[in-house]
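Below: target-v5.cif (mmCIF, C-alpha atoms)
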```
data_data
#
loop_
_atom_site.group_PDB
_atom_site.id
_atom_site.type_symbol
_atom_site.label_atom_id
_atom_site.label_comp_id
_atom_site.auth_asym_id
_atom_site.auth_seq_id
_atom_site.Cartn_x
_atom_site.Cartn_y
_atom_site.Cartn_z
ATOM 1 C CA MET A 1 16.821 82.230 40.527
ATOM 2 C CA LYS A 2 16.686 79.486 37.877
ATOM 3 C CA PRO A 3 18.535 79.891 34.570
ATOM 4 C CA LEU A 4 16.401 81.094 31.701
ATOM 5 C CA ARG A 5 15.375 78.639 28.966
ATOM 6 C CA LEU A 6 16.747 80.331 25.885
ATOM 7 C CA PRO A 7 14.946 80.283 22.518
ATOM 8 C CA CYS A 8 18.302 80.284 20.691
ATOM 9 C CA TYR A 9 20.147 77.063 19.765
ATOM 10 C CA CYS A 10 23.539 78.700 20.165
ATOM 11 C CA GLY A 11 22.624 80.365 23.447
ATOM 12 C CA SER A 12 21.274 77.101 24.851
ATOM 13 C CA LEU A 13 24.406 75.152 23.881
ATOM 14 C CA ARG A 14 26.657 77.863 25.334
ATOM 15 C CA GLN A 15 24.599 77.919 28.535
ATOM 16 C CA ALA A 16 24.942 74.133 28.883
ATOM 17 C CA SER A 17 28.646 74.326 28.054
ATOM 18 C CA ARG A 18 29.261 76.911 30.777
ATOM 19 C CA VAL A 19 27.467 74.797 33.398
ATOM 20 C CA VAL A 20 29.349 71.622 32.437
ATOM 21 C CA THR A 21 32.696 73.450 32.202
ATOM 22 C CA GLN A 22 32.222 74.915 35.694
ATOM 23 C CA MET A 23 31.404 71.447 37.034
ATOM 24 C CA TYR A 24 34.541 69.890 35.499
ATOM 25 C CA ASP A 25 36.802 72.824 36.421
ATOM 26 C CA GLN A 26 35.663 72.581 40.039
ATOM 27 C CA ALA A 27 36.301 68.836 40.118
ATOM 28 C CA LEU A 28 39.776 69.203 38.566
ATOM 29 C CA LYS A 29 40.797 72.085 40.841
ATOM 30 C CA PRO A 30 42.988 69.921 43.156
ATOM 31 C CA SER A 31 45.127 68.986 40.124
ATOM 32 C CA GLY A 32 45.692 72.623 39.172
ATOM 33 C CA LEU A 33 44.171 72.041 35.733
ATOM 34 C CA LYS A 34 41.116 73.396 33.986
ATOM 35 C CA ILE A 35 39.158 71.057 31.716
ATOM 36 C CA THR A 36 40.479 72.796 28.575
ATOM 37 C CA GLN A 37 44.068 72.307 29.754
ATOM 38 C CA PHE A 38 43.371 68.688 30.677
ATOM 39 C CA GLY A 39 41.961 68.012 27.201
ATOM 40 C CA ILE A 40 44.977 69.553 25.492
ATOM 41 C CA LEU A 41 47.419 67.608 27.674
ATOM 42 C CA ARG A 42 45.595 64.346 26.940
ATOM 43 C CA LEU A 43 45.617 65.112 23.222
ATOM 44 C CA LEU A 44 49.361 65.809 23.239
ATOM 45 C CA SER A 45 50.000 62.714 25.333
ATOM 46 C CA ALA A 46 48.236 60.624 22.679
ATOM 47 C CA GLN A 47 49.567 62.559 19.659
ATOM 48 C CA PRO A 48 52.881 64.290 20.447
ATOM 49 C CA GLY A 49 54.324 66.737 17.949
ATOM 50 C CA LEU A 50 51.069 68.326 16.813
ATOM 51 C CA THR A 51 51.152 71.863 15.481
ATOM 52 C CA THR A 52 48.897 74.562 16.885
ATOM 53 C CA GLY A 53 46.829 74.457 13.698
ATOM 54 C CA ALA A 54 46.393 70.686 13.837
ATOM 55 C CA MET A 55 45.333 70.890 17.480
ATOM 56 C CA ALA A 56 42.882 73.698 16.719
ATOM 57 C CA ASP A 57 41.353 71.553 13.960
ATOM 58 C CA LEU A 58 41.130 68.421 16.120
ATOM 59 C CA LEU A 59 39.594 70.333 19.031
ATOM 60 C CA ALA A 60 37.370 72.520 16.796
ATOM 61 C CA MET A 61 38.875 75.479 18.618
ATOM 62 C CA ASP A 62 39.789 78.974 17.474
ATOM 63 C CA SER A 63 43.587 79.084 17.038
ATOM 64 C CA THR A 64 43.885 82.428 18.871
ATOM 65 C CA THR A 65 42.142 81.006 21.936
ATOM 66 C CA LEU A 66 44.214 77.830 21.699
ATOM 67 C CA THR A 67 47.446 79.850 21.452
ATOM 68 C CA ARG A 68 46.589 81.693 24.696
ATOM 69 C CA THR A 69 45.884 78.402 26.462
ATOM 70 C CA LEU A 70 49.070 76.803 25.088
ATOM 71 C CA LYS A 71 51.109 79.739 26.432
ATOM 72 C CA ILE A 72 49.693 79.217 29.925
ATOM 73 C CA ILE A 73 50.355 75.473 29.780
ATOM 74 C CA CYS A 74 53.870 76.022 28.379
ATOM 75 C CA ASP A 75 54.702 78.672 31.008
ATOM 76 C CA SER A 76 53.607 76.142 33.645
ATOM 77 C CA GLY A 77 56.152 73.653 32.270
ATOM 78 C CA TRP A 78 53.586 71.035 31.213
ATOM 79 C CA ILE A 79 54.337 71.202 27.478
ATOM 80 C CA SER A 80 57.207 72.360 25.318
ATOM 81 C CA ALA A 81 57.484 73.618 21.765
ATOM 82 C CA ALA A 82 59.997 72.737 19.081
ATOM 83 C CA PRO A 83 60.315 74.502 15.734
ATOM 84 C CA GLY A 84 58.412 72.951 12.848
ATOM 85 C CA GLU A 85 59.176 72.835 9.140
ATOM 86 C CA ASP A 86 58.042 76.441 8.753
ATOM 87 C CA ARG A 87 59.770 78.901 11.115
ATOM 88 C CA ARG A 88 56.359 80.165 12.290
ATOM 89 C CA GLU A 89 55.205 76.615 13.074
ATOM 90 C CA ARG A 90 55.614 75.040 16.501
ATOM 91 C CA ARG A 91 55.353 71.347 17.313
ATOM 92 C CA TRP A 92 54.100 70.691 20.817
ATOM 93 C CA THR A 93 54.989 67.837 23.155
ATOM 94 C CA ILE A 94 53.999 67.059 26.700
ATOM 95 C CA THR A 95 56.689 67.153 29.393
ATOM 96 C CA GLY A 96 57.185 64.752 32.297
ATOM 97 C CA GLU A 97 55.520 67.287 34.561
ATOM 98 C CA GLY A 98 52.592 67.455 32.139
ATOM 99 C CA GLN A 99 52.255 63.654 32.268
ATOM 100 C CA GLN A 100 52.228 63.862 36.071
ATOM 101 C CA ARG A 101 49.416 66.449 35.894
ATOM 102 C CA ILE A 102 47.378 64.092 33.731
ATOM 103 C CA SER A 103 47.976 61.224 36.158
ATOM 104 C CA GLN A 104 46.898 63.437 39.055
ATOM 105 C CA ALA A 105 43.824 64.750 37.202
ATOM 106 C CA GLU A 106 42.537 61.520 35.616
ATOM 107 C CA PRO A 107 40.913 60.078 38.764
ATOM 108 C CA LEU A 108 39.257 63.466 39.381
ATOM 109 C CA TRP A 109 38.066 63.522 35.775
ATOM 110 C CA MET A 110 36.707 59.963 36.024
ATOM 111 C CA ASN A 111 34.793 60.945 39.172
ATOM 112 C CA VAL A 112 33.233 64.011 37.553
ATOM 113 C CA GLN A 113 32.393 61.975 34.446
ATOM 114 C CA LYS A 114 30.426 59.603 36.697
ATOM 115 C CA GLU A 115 28.879 62.529 38.590
ATOM 116 C CA PHE A 116 27.756 64.091 35.309
ATOM 117 C CA ALA A 117 26.373 60.766 34.040
ATOM 118 C CA ASP A 118 24.436 60.342 37.296
ATOM 119 C CA MET A 119 23.087 63.896 37.088
ATOM 120 C CA ALA A 120 22.009 63.298 33.480
ATOM 121 C CA SER A 121 20.751 59.745 34.046
ATOM 122 C CA ASP A 122 17.578 60.488 32.079
ATOM 123 C CA VAL A 123 19.587 61.620 29.024
ATOM 124 C CA ASP A 124 21.092 59.274 26.426
ATOM 125 C CA LEU A 125 24.626 60.660 26.741
ATOM 126 C CA ASP A 126 26.001 58.457 23.944
ATOM 127 C CA ALA A 127 23.369 59.851 21.574
ATOM 128 C CA LEU A 128 24.066 63.376 22.833
ATOM 129 C CA THR A 129 27.817 63.110 22.195
ATOM 130 C CA ARG A 130 27.206 61.562 18.753
ATOM 131 C CA THR A 131 24.797 64.372 17.864
ATOM 132 C CA VAL A 132 27.133 67.100 19.075
ATOM 133 C CA HIS A 133 30.029 65.500 17.175
ATOM 134 C CA GLN A 134 27.908 65.384 13.997
ATOM 135 C CA LEU A 135 27.178 69.092 14.396
ATOM 136 C CA VAL A 136 30.890 69.825 14.837
ATOM 137 C CA LEU A 137 31.750 67.809 11.709
ATOM 138 C CA LYS A 138 29.099 69.595 9.645
ATOM 139 C CA ALA A 139 30.341 73.008 10.756
ATOM 140 C CA ALA A 140 34.026 72.200 10.189
#
```

Just give me the structure of the file as C-alpha coordinates.
Amino acid sequence: MKPLRLPCYCGSLRQASRVVTQMYDQALKPSGLKITQFGILRLLSAQPGLTTGAMADLLAMDSTTLTRTLKIICDSGWISAAPGEDRRERRWTITGEGQQRISQAEPLWMNVQKEFADMASDVDLDALTRTVHQLVLKAA
(Lines of atoms letter the chains of each structure in order from A and count residues from 1; the text may use other names and numbers.)
(Lines give C-alpha, C1' and ligand atoms only; values in the text may rest on other atoms or scores of the structure.)
Protein backbone atom coordinates (compact mmCIF):
# COMPACT_ATOMS: atom_id res chain seq x y z
CA MET A 1 0.00 0.00 0.00
CA LYS A 2 1.35 3.44 -0.94
CA PRO A 3 1.51 6.24 1.65
CA LEU A 4 -1.37 8.67 1.54
CA ARG A 5 -0.82 12.16 0.11
CA LEU A 6 -1.86 14.33 3.02
CA PRO A 7 -3.72 17.64 2.57
CA CYS A 8 -1.97 19.07 5.66
CA TYR A 9 1.38 20.91 5.47
CA CYS A 10 2.43 19.68 8.89
CA GLY A 11 1.34 16.11 8.22
CA SER A 12 3.19 16.05 4.90
CA LEU A 13 6.41 17.38 6.44
CA ARG A 14 6.18 14.89 9.31
CA GLN A 15 5.52 12.05 6.86
CA ALA A 16 8.60 13.03 4.83
CA SER A 17 10.65 13.43 8.01
CA ARG A 18 9.74 9.93 9.20
CA VAL A 19 10.72 8.37 5.86
CA VAL A 20 14.05 10.22 5.73
CA THR A 21 14.80 9.53 9.42
CA GLN A 22 14.18 5.79 8.91
CA MET A 23 16.51 5.83 5.89
CA TYR A 24 19.32 7.54 7.82
CA ASP A 25 18.81 5.47 10.99
CA GLN A 26 19.06 2.27 8.95
CA ALA A 27 22.24 3.46 7.24
CA LEU A 28 23.85 4.49 10.55
CA LYS A 29 22.88 1.27 12.35
CA PRO A 30 26.39 -0.31 12.11
CA SER A 31 27.78 2.67 14.07
CA GLY A 32 25.26 2.24 16.88
CA LEU A 33 23.96 5.77 16.36
CA LYS A 34 20.62 7.18 15.31
CA ILE A 35 20.59 10.28 13.10
CA THR A 36 19.47 12.49 16.02
CA GLN A 37 22.38 11.27 18.14
CA PHE A 38 24.80 11.73 15.25
CA GLY A 39 23.64 15.33 14.77
CA ILE A 40 24.06 16.13 18.45
CA LEU A 41 27.53 14.58 18.57
CA ARG A 42 28.60 16.55 15.50
CA LEU A 43 27.24 19.75 17.02
CA LEU A 44 29.13 19.18 20.28
CA SER A 45 32.27 18.26 18.37
CA ALA A 46 32.10 21.61 16.57
CA GLN A 47 30.86 23.64 19.57
CA PRO A 48 31.88 22.03 22.88
CA GLY A 49 30.46 23.38 26.11
CA LEU A 50 26.96 24.16 24.87
CA THR A 51 24.11 24.15 27.36
CA THR A 52 20.99 22.09 26.80
CA GLY A 53 19.04 25.27 26.07
CA ALA A 54 21.57 26.49 23.51
CA MET A 55 21.54 23.11 21.78
CA ALA A 56 17.74 23.04 21.75
CA ASP A 57 17.73 26.49 20.13
CA LEU A 58 20.37 25.59 17.53
CA LEU A 59 18.62 22.34 16.63
CA ALA A 60 15.10 23.84 16.84
CA MET A 61 14.28 20.98 19.18
CA ASP A 62 12.04 20.75 22.23
CA SER A 63 14.29 20.80 25.32
CA THR A 64 12.42 17.90 26.96
CA THR A 65 13.03 15.68 23.93
CA LEU A 66 16.64 16.84 23.74
CA THR A 67 17.17 16.10 27.45
CA ARG A 68 15.97 12.49 26.94
CA THR A 69 18.33 12.06 23.99
CA LEU A 70 21.25 13.63 25.89
CA LYS A 71 20.69 11.18 28.77
CA ILE A 72 20.93 8.22 26.39
CA ILE A 73 24.08 9.62 24.77
CA CYS A 74 25.62 10.44 28.17
CA ASP A 75 24.78 6.99 29.59
CA SER A 76 26.52 5.51 26.54
CA GLY A 77 29.68 7.45 27.43
CA TRP A 78 29.73 9.56 24.26
CA ILE A 79 29.27 12.93 25.99
CA SER A 80 29.78 14.30 29.47
CA ALA A 81 28.25 17.15 31.42
CA ALA A 82 29.92 19.76 33.60
CA PRO A 83 28.09 22.24 35.82
CA GLY A 84 27.38 25.63 34.29
CA GLU A 85 27.14 29.07 35.86
CA ASP A 86 23.67 28.26 37.19
CA ARG A 87 23.49 25.05 39.26
CA ARG A 88 20.63 23.79 37.05
CA GLU A 89 22.68 24.40 33.89
CA ARG A 90 24.85 21.72 32.32
CA ARG A 91 27.58 22.28 29.75
CA TRP A 92 28.03 19.34 27.41
CA THR A 93 31.22 18.09 25.77
CA ILE A 94 31.93 15.13 23.56
CA THR A 95 34.18 12.36 24.90
CA GLY A 96 36.90 10.45 23.06
CA GLU A 97 34.46 7.59 22.61
CA GLY A 98 31.93 10.04 21.16
CA GLN A 99 34.54 11.27 18.67
CA GLN A 100 35.21 7.65 17.68
CA ARG A 101 31.47 7.15 17.08
CA ILE A 102 31.42 10.16 14.78
CA SER A 103 34.45 8.85 12.88
CA GLN A 104 32.77 5.46 12.51
CA ALA A 105 29.42 6.98 11.45
CA GLU A 106 30.63 9.70 9.05
CA PRO A 107 31.34 7.40 6.08
CA LEU A 108 27.93 5.78 6.60
CA TRP A 109 26.33 9.22 6.75
CA MET A 110 28.14 10.35 3.58
CA ASN A 111 26.88 7.23 1.79
CA VAL A 112 23.27 7.79 2.83
CA GLN A 113 23.55 11.47 1.90
CA LYS A 114 24.53 10.37 -1.62
CA GLU A 115 21.80 7.71 -1.64
CA PHE A 116 19.21 10.31 -0.66
CA ALA A 117 20.50 12.78 -3.28
CA ASP A 118 20.28 10.05 -5.94
CA MET A 119 16.76 9.11 -4.85
CA ALA A 120 15.71 12.77 -4.99
CA SER A 121 17.65 13.59 -8.17
CA ASP A 122 14.64 15.43 -9.60
CA VAL A 123 14.42 17.72 -6.54
CA ASP A 124 16.54 20.84 -6.01
CA LEU A 125 17.85 19.77 -2.60
CA ASP A 126 19.74 23.03 -2.03
CA ALA A 127 16.51 24.98 -2.55
CA LEU A 128 14.64 22.51 -0.34
CA THR A 129 17.09 22.89 2.55
CA ARG A 130 17.09 26.69 2.17
CA THR A 131 13.28 26.74 2.21
CA VAL A 132 13.03 24.46 5.23
CA HIS A 133 15.65 26.55 7.06
CA GLN A 134 13.68 29.73 6.28
CA LEU A 135 10.57 28.12 7.75
CA VAL A 136 12.50 27.15 10.89
CA LEU A 137 13.85 30.70 11.27
CA LYS A 138 10.39 32.22 10.87
CA ALA A 139 8.91 29.89 13.47
CA ALA A 140 11.74 30.39 15.98

Near-Gln104 in chain A list (12 Å; all atoms listed in the file; drop same-chain fewer than 5 positions) as a PyMOL selection string: chain A and resi 27-33+38+97-99+109-110

Please produce a file of those selected residues containing C-alpha atoms, as a PDB file, in the coordinates of the input.
```
ATOM      1  CA  ALA A  27      36.301  68.836  40.118  1.00  0.00           C
ATOM      2  CA  LEU A  28      39.776  69.203  38.566  1.00  0.00           C
ATOM      3  CA  LYS A  29      40.797  72.085  40.841  1.00  0.00           C
ATOM      4  CA  PRO A  30      42.988  69.921  43.156  1.00  0.00           C
ATOM      5  CA  SER A  31      45.127  68.986  40.124  1.00  0.00           C
ATOM      6  CA  GLY A  32      45.692  72.623  39.172  1.00  0.00           C
ATOM      7  CA  LEU A  33      44.171  72.041  35.733  1.00  0.00           C
ATOM      8  CA  PHE A  38      43.371  68.688  30.677  1.00  0.00           C
ATOM      9  CA  GLU A  97      55.520  67.287  34.561  1.00  0.00           C
ATOM     10  CA  GLY A  98      52.592  67.455  32.139  1.00  0.00           C
ATOM     11  CA  GLN A  99      52.255  63.654  32.268  1.00  0.00           C
ATOM     12  CA  TRP A 109      38.066  63.522  35.775  1.00  0.00           C
ATOM     13  CA  MET A 110      36.707  59.963  36.024  1.00  0.00           C
TER      14      MET A 110
END
```

Straight-line distance linking CA of Glu89 in chain A with CA of Arg68 in chain A, stated in Å to one decimal: 15.3 Å

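The closest residue to Arg88 in chain A, picked from A:Gly53, A:His133, A:Cys74, A:Phe116 and counting all atoms listed in the file, is A:Gly53.
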
From A:Val112, A:Gln26, A:Leu58, A:Arg90, residue lying nearest Leu70 in chain A [all atoms listed in the file]: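 Ranked by minimum distance to Leu70 in chain A, first place goes to A:Arg90.
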
Distance of CA of Thr129 in chain A from CA of Lys71 in chain A, expressed in Å to one decimal place: 28.9 Å

Within 12 Å of file point (41.8, 66.3, 21.5), counting only C-alpha atoms, expressed as a ChimeraX atom specification: /A:35-48,50,52,54-61,66

For this file, the PyMOL selection byres ((chain A and resi 80-82) around 9) selects which residues, as a PDB file with C-alpha atoms, in the coordinates of the input?
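Generated file (part.pdb):
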```
ATOM      1  CA  GLY A  49      54.324  66.737  17.949  1.00  0.00           C
ATOM      2  CA  ILE A  73      50.355  75.473  29.780  1.00  0.00           C
ATOM      3  CA  CYS A  74      53.870  76.022  28.379  1.00  0.00           C
ATOM      4  CA  ASP A  75      54.702  78.672  31.008  1.00  0.00           C
ATOM      5  CA  GLY A  77      56.152  73.653  32.270  1.00  0.00           C
ATOM      6  CA  TRP A  78      53.586  71.035  31.213  1.00  0.00           C
ATOM      7  CA  ILE A  79      54.337  71.202  27.478  1.00  0.00           C
ATOM      8  CA  PRO A  83      60.315  74.502  15.734  1.00  0.00           C
ATOM      9  CA  GLY A  84      58.412  72.951  12.848  1.00  0.00           C
ATOM     10  CA  GLU A  89      55.205  76.615  13.074  1.00  0.00           C
ATOM     11  CA  ARG A  90      55.614  75.040  16.501  1.00  0.00           C
ATOM     12  CA  ARG A  91      55.353  71.347  17.313  1.00  0.00           C
ATOM     13  CA  TRP A  92      54.100  70.691  20.817  1.00  0.00           C
ATOM     14  CA  THR A  93      54.989  67.837  23.155  1.00  0.00           C
ATOM     15  CA  ILE A  94      53.999  67.059  26.700  1.00  0.00           C
ATOM     16  CA  THR A  95      56.689  67.153  29.393  1.00  0.00           C
TER      17      THR A  95
END
```

CA of Thr21 in chain A to CA of Thr64 in chain A, straight-line distance in Å: 19.6 Å

Given 4 Å on each side, where is the centre and what are the edge lengths in Å to one decimal of the axis-aligned box enclosing the listed atoms of range 108-120 of chain A, as JSON?
```
{"center_x": 30.6, "center_y": 61.8, "center_z": 36.4, "size_x": 25.2, "size_y": 12.5, "size_z": 13.9}
```

Using only C-alpha atoms, which residues of range 21-137 of chain A come within 10 Å of range 12-17 of chain A, and what is the closest atom pair for each, with the distance in Å to one decimal? Give it as a Markdown table, sorted by chain and residue number.
```
| residue | atom | partner | partner_atom | distance |
| --- | --- | --- | --- | --- |
| A:Thr21 | CA | A:Ser17 | CA | 5.9 |
| A:Gln22 | CA | A:Ser17 | CA | 8.5 |
| A:Met23 | CA | A:Ser17 | CA | 9.8 |
| A:Val132 | CA | A:Leu13 | CA | 9.8 |
```

Residue nearest Asn111 in chain A - candidates A:Tyr24, A:Asp126, A:Arg5, A:Asp62, atoms counted: only C-alpha atoms: A:Tyr24

Using the incomplete input, complete range 96-107 of chain A to the level of all heavy atoms; output as a PDB file, in the coordinates of the input.
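Output below, filename rebuild_30.pdb:
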```
ATOM      1  N   GLY A  96      57.395  65.683  31.186  1.00  0.00           N
ATOM      2  CA  GLY A  96      57.185  64.752  32.297  1.00  0.00           C
ATOM      3  C   GLY A  96      56.248  65.334  33.333  1.00  0.00           C
ATOM      4  O   GLY A  96      55.385  64.635  33.883  1.00  0.00           O
ATOM      5  N   GLU A  97      56.408  66.617  33.603  1.00  0.00           N
ATOM      6  CA  GLU A  97      55.520  67.287  34.561  1.00  0.00           C
ATOM      7  C   GLU A  97      54.078  67.319  34.043  1.00  0.00           C
ATOM      8  O   GLU A  97      53.126  67.162  34.808  1.00  0.00           O
ATOM      9  CB  GLU A  97      56.027  68.707  34.837  1.00  0.00           C
ATOM     10  CG  GLU A  97      55.347  69.339  36.022  1.00  0.00           C
ATOM     11  CD  GLU A  97      55.940  70.693  36.412  1.00  0.00           C
ATOM     12  OE1 GLU A  97      57.130  70.937  36.121  1.00  0.00           O
ATOM     13  OE2 GLU A  97      55.188  71.490  36.993  1.00  0.00           O
ATOM     14  N   GLY A  98      53.925  67.487  32.738  1.00  0.00           N
ATOM     15  CA  GLY A  98      52.592  67.455  32.139  1.00  0.00           C
ATOM     16  C   GLY A  98      51.957  66.077  32.285  1.00  0.00           C
ATOM     17  O   GLY A  98      50.770  65.958  32.586  1.00  0.00           O
ATOM     18  N   GLN A  99      52.752  65.029  32.085  1.00  0.00           N
ATOM     19  CA  GLN A  99      52.255  63.654  32.268  1.00  0.00           C
ATOM     20  C   GLN A  99      51.828  63.436  33.713  1.00  0.00           C
ATOM     21  O   GLN A  99      50.806  62.802  33.977  1.00  0.00           O
ATOM     22  CB  GLN A  99      53.325  62.630  31.887  1.00  0.00           C
ATOM     23  CG  GLN A  99      53.427  62.312  30.431  1.00  0.00           C
ATOM     24  CD  GLN A  99      52.178  61.734  29.794  1.00  0.00           C
ATOM     25  OE1 GLN A  99      51.992  61.934  28.604  1.00  0.00           O
ATOM     26  NE2 GLN A  99      51.313  61.047  30.502  1.00  0.00           N
ATOM     27  N   GLN A 100      52.594  63.985  34.651  1.00  0.00           N
ATOM     28  CA  GLN A 100      52.228  63.862  36.071  1.00  0.00           C
ATOM     29  C   GLN A 100      50.904  64.569  36.350  1.00  0.00           C
ATOM     30  O   GLN A 100      50.087  64.074  37.127  1.00  0.00           O
ATOM     31  CB  GLN A 100      53.331  64.434  36.964  1.00  0.00           C
ATOM     32  CG  GLN A 100      54.569  63.577  37.031  1.00  0.00           C
ATOM     33  CD  GLN A 100      55.675  64.210  37.846  1.00  0.00           C
ATOM     34  OE1 GLN A 100      55.743  65.424  38.006  1.00  0.00           O
ATOM     35  NE2 GLN A 100      56.564  63.373  38.362  1.00  0.00           N
ATOM     36  N   ARG A 101      50.690  65.719  35.717  1.00  0.00           N
ATOM     37  CA  ARG A 101      49.416  66.449  35.894  1.00  0.00           C
ATOM     38  C   ARG A 101      48.253  65.598  35.398  1.00  0.00           C
ATOM     39  O   ARG A 101      47.210  65.556  36.038  1.00  0.00           O
ATOM     40  CB  ARG A 101      49.432  67.779  35.141  1.00  0.00           C
ATOM     41  CG  ARG A 101      50.291  68.833  35.751  1.00  0.00           C
ATOM     42  CD  ARG A 101      49.645  69.361  37.005  1.00  0.00           C
ATOM     43  NE  ARG A 101      50.650  70.129  37.716  1.00  0.00           N
ATOM     44  CZ  ARG A 101      50.393  71.025  38.621  1.00  0.00           C
ATOM     45  NH1 ARG A 101      49.140  71.283  38.978  1.00  0.00           N
ATOM     46  NH2 ARG A 101      51.353  71.664  39.217  1.00  0.00           N
ATOM     47  N   ILE A 102      48.438  64.955  34.254  1.00  0.00           N
ATOM     48  CA  ILE A 102      47.378  64.092  33.731  1.00  0.00           C
ATOM     49  C   ILE A 102      47.091  62.966  34.721  1.00  0.00           C
ATOM     50  O   ILE A 102      45.935  62.679  35.031  1.00  0.00           O
ATOM     51  CB  ILE A 102      47.751  63.499  32.355  1.00  0.00           C
ATOM     52  CG1 ILE A 102      47.790  64.581  31.289  1.00  0.00           C
ATOM     53  CG2 ILE A 102      46.753  62.401  31.953  1.00  0.00           C
ATOM     54  CD1 ILE A 102      48.291  64.095  29.944  1.00  0.00           C
ATOM     55  N   SER A 103      48.147  62.330  35.207  1.00  0.00           N
ATOM     56  CA  SER A 103      47.976  61.224  36.158  1.00  0.00           C
ATOM     57  C   SER A 103      47.244  61.683  37.414  1.00  0.00           C
ATOM     58  O   SER A 103      46.413  60.945  37.952  1.00  0.00           O
ATOM     59  CB  SER A 103      49.332  60.639  36.540  1.00  0.00           C
ATOM     60  OG  SER A 103      49.934  60.052  35.416  1.00  0.00           O
ATOM     61  N   GLN A 104      47.554  62.879  37.868  1.00  0.00           N
ATOM     62  CA  GLN A 104      46.898  63.437  39.055  1.00  0.00           C
ATOM     63  C   GLN A 104      45.438  63.782  38.759  1.00  0.00           C
ATOM     64  O   GLN A 104      44.560  63.593  39.596  1.00  0.00           O
ATOM     65  CB  GLN A 104      47.655  64.687  39.504  1.00  0.00           C
ATOM     66  CG  GLN A 104      47.177  65.288  40.789  1.00  0.00           C
ATOM     67  CD  GLN A 104      47.967  66.540  41.169  1.00  0.00           C
ATOM     68  OE1 GLN A 104      48.714  67.100  40.371  1.00  0.00           O
ATOM     69  NE2 GLN A 104      47.794  66.982  42.389  1.00  0.00           N
ATOM     70  N   ALA A 105      45.167  64.281  37.547  1.00  0.00           N
ATOM     71  CA  ALA A 105      43.824  64.750  37.202  1.00  0.00           C
ATOM     72  C   ALA A 105      42.887  63.633  36.743  1.00  0.00           C
ATOM     73  O   ALA A 105      41.668  63.767  36.894  1.00  0.00           O
ATOM     74  CB  ALA A 105      43.923  65.819  36.110  1.00  0.00           C
ATOM     75  N   GLU A 106      43.407  62.551  36.188  1.00  0.00           N
ATOM     76  CA  GLU A 106      42.537  61.520  35.616  1.00  0.00           C
ATOM     77  C   GLU A 106      41.534  60.927  36.604  1.00  0.00           C
ATOM     78  O   GLU A 106      40.363  60.790  36.260  1.00  0.00           O
ATOM     79  CB  GLU A 106      43.349  60.433  34.915  1.00  0.00           C
ATOM     80  CG  GLU A 106      43.575  60.844  33.476  1.00  0.00           C
ATOM     81  CD  GLU A 106      44.253  59.802  32.631  1.00  0.00           C
ATOM     82  OE1 GLU A 106      45.017  58.972  33.156  1.00  0.00           O
ATOM     83  OE2 GLU A 106      44.024  59.844  31.409  1.00  0.00           O
ATOM     84  N   PRO A 107      41.934  60.592  37.835  1.00  0.00           N
ATOM     85  CA  PRO A 107      40.913  60.078  38.764  1.00  0.00           C
ATOM     86  C   PRO A 107      39.837  61.122  39.075  1.00  0.00           C
ATOM     87  O   PRO A 107      38.655  60.771  39.207  1.00  0.00           O
ATOM     88  CB  PRO A 107      41.696  59.714  40.028  1.00  0.00           C
ATOM     89  CG  PRO A 107      43.125  59.712  39.648  1.00  0.00           C
ATOM     90  CD  PRO A 107      43.264  60.539  38.411  1.00  0.00           C
TER      91      PRO A 107
END
```
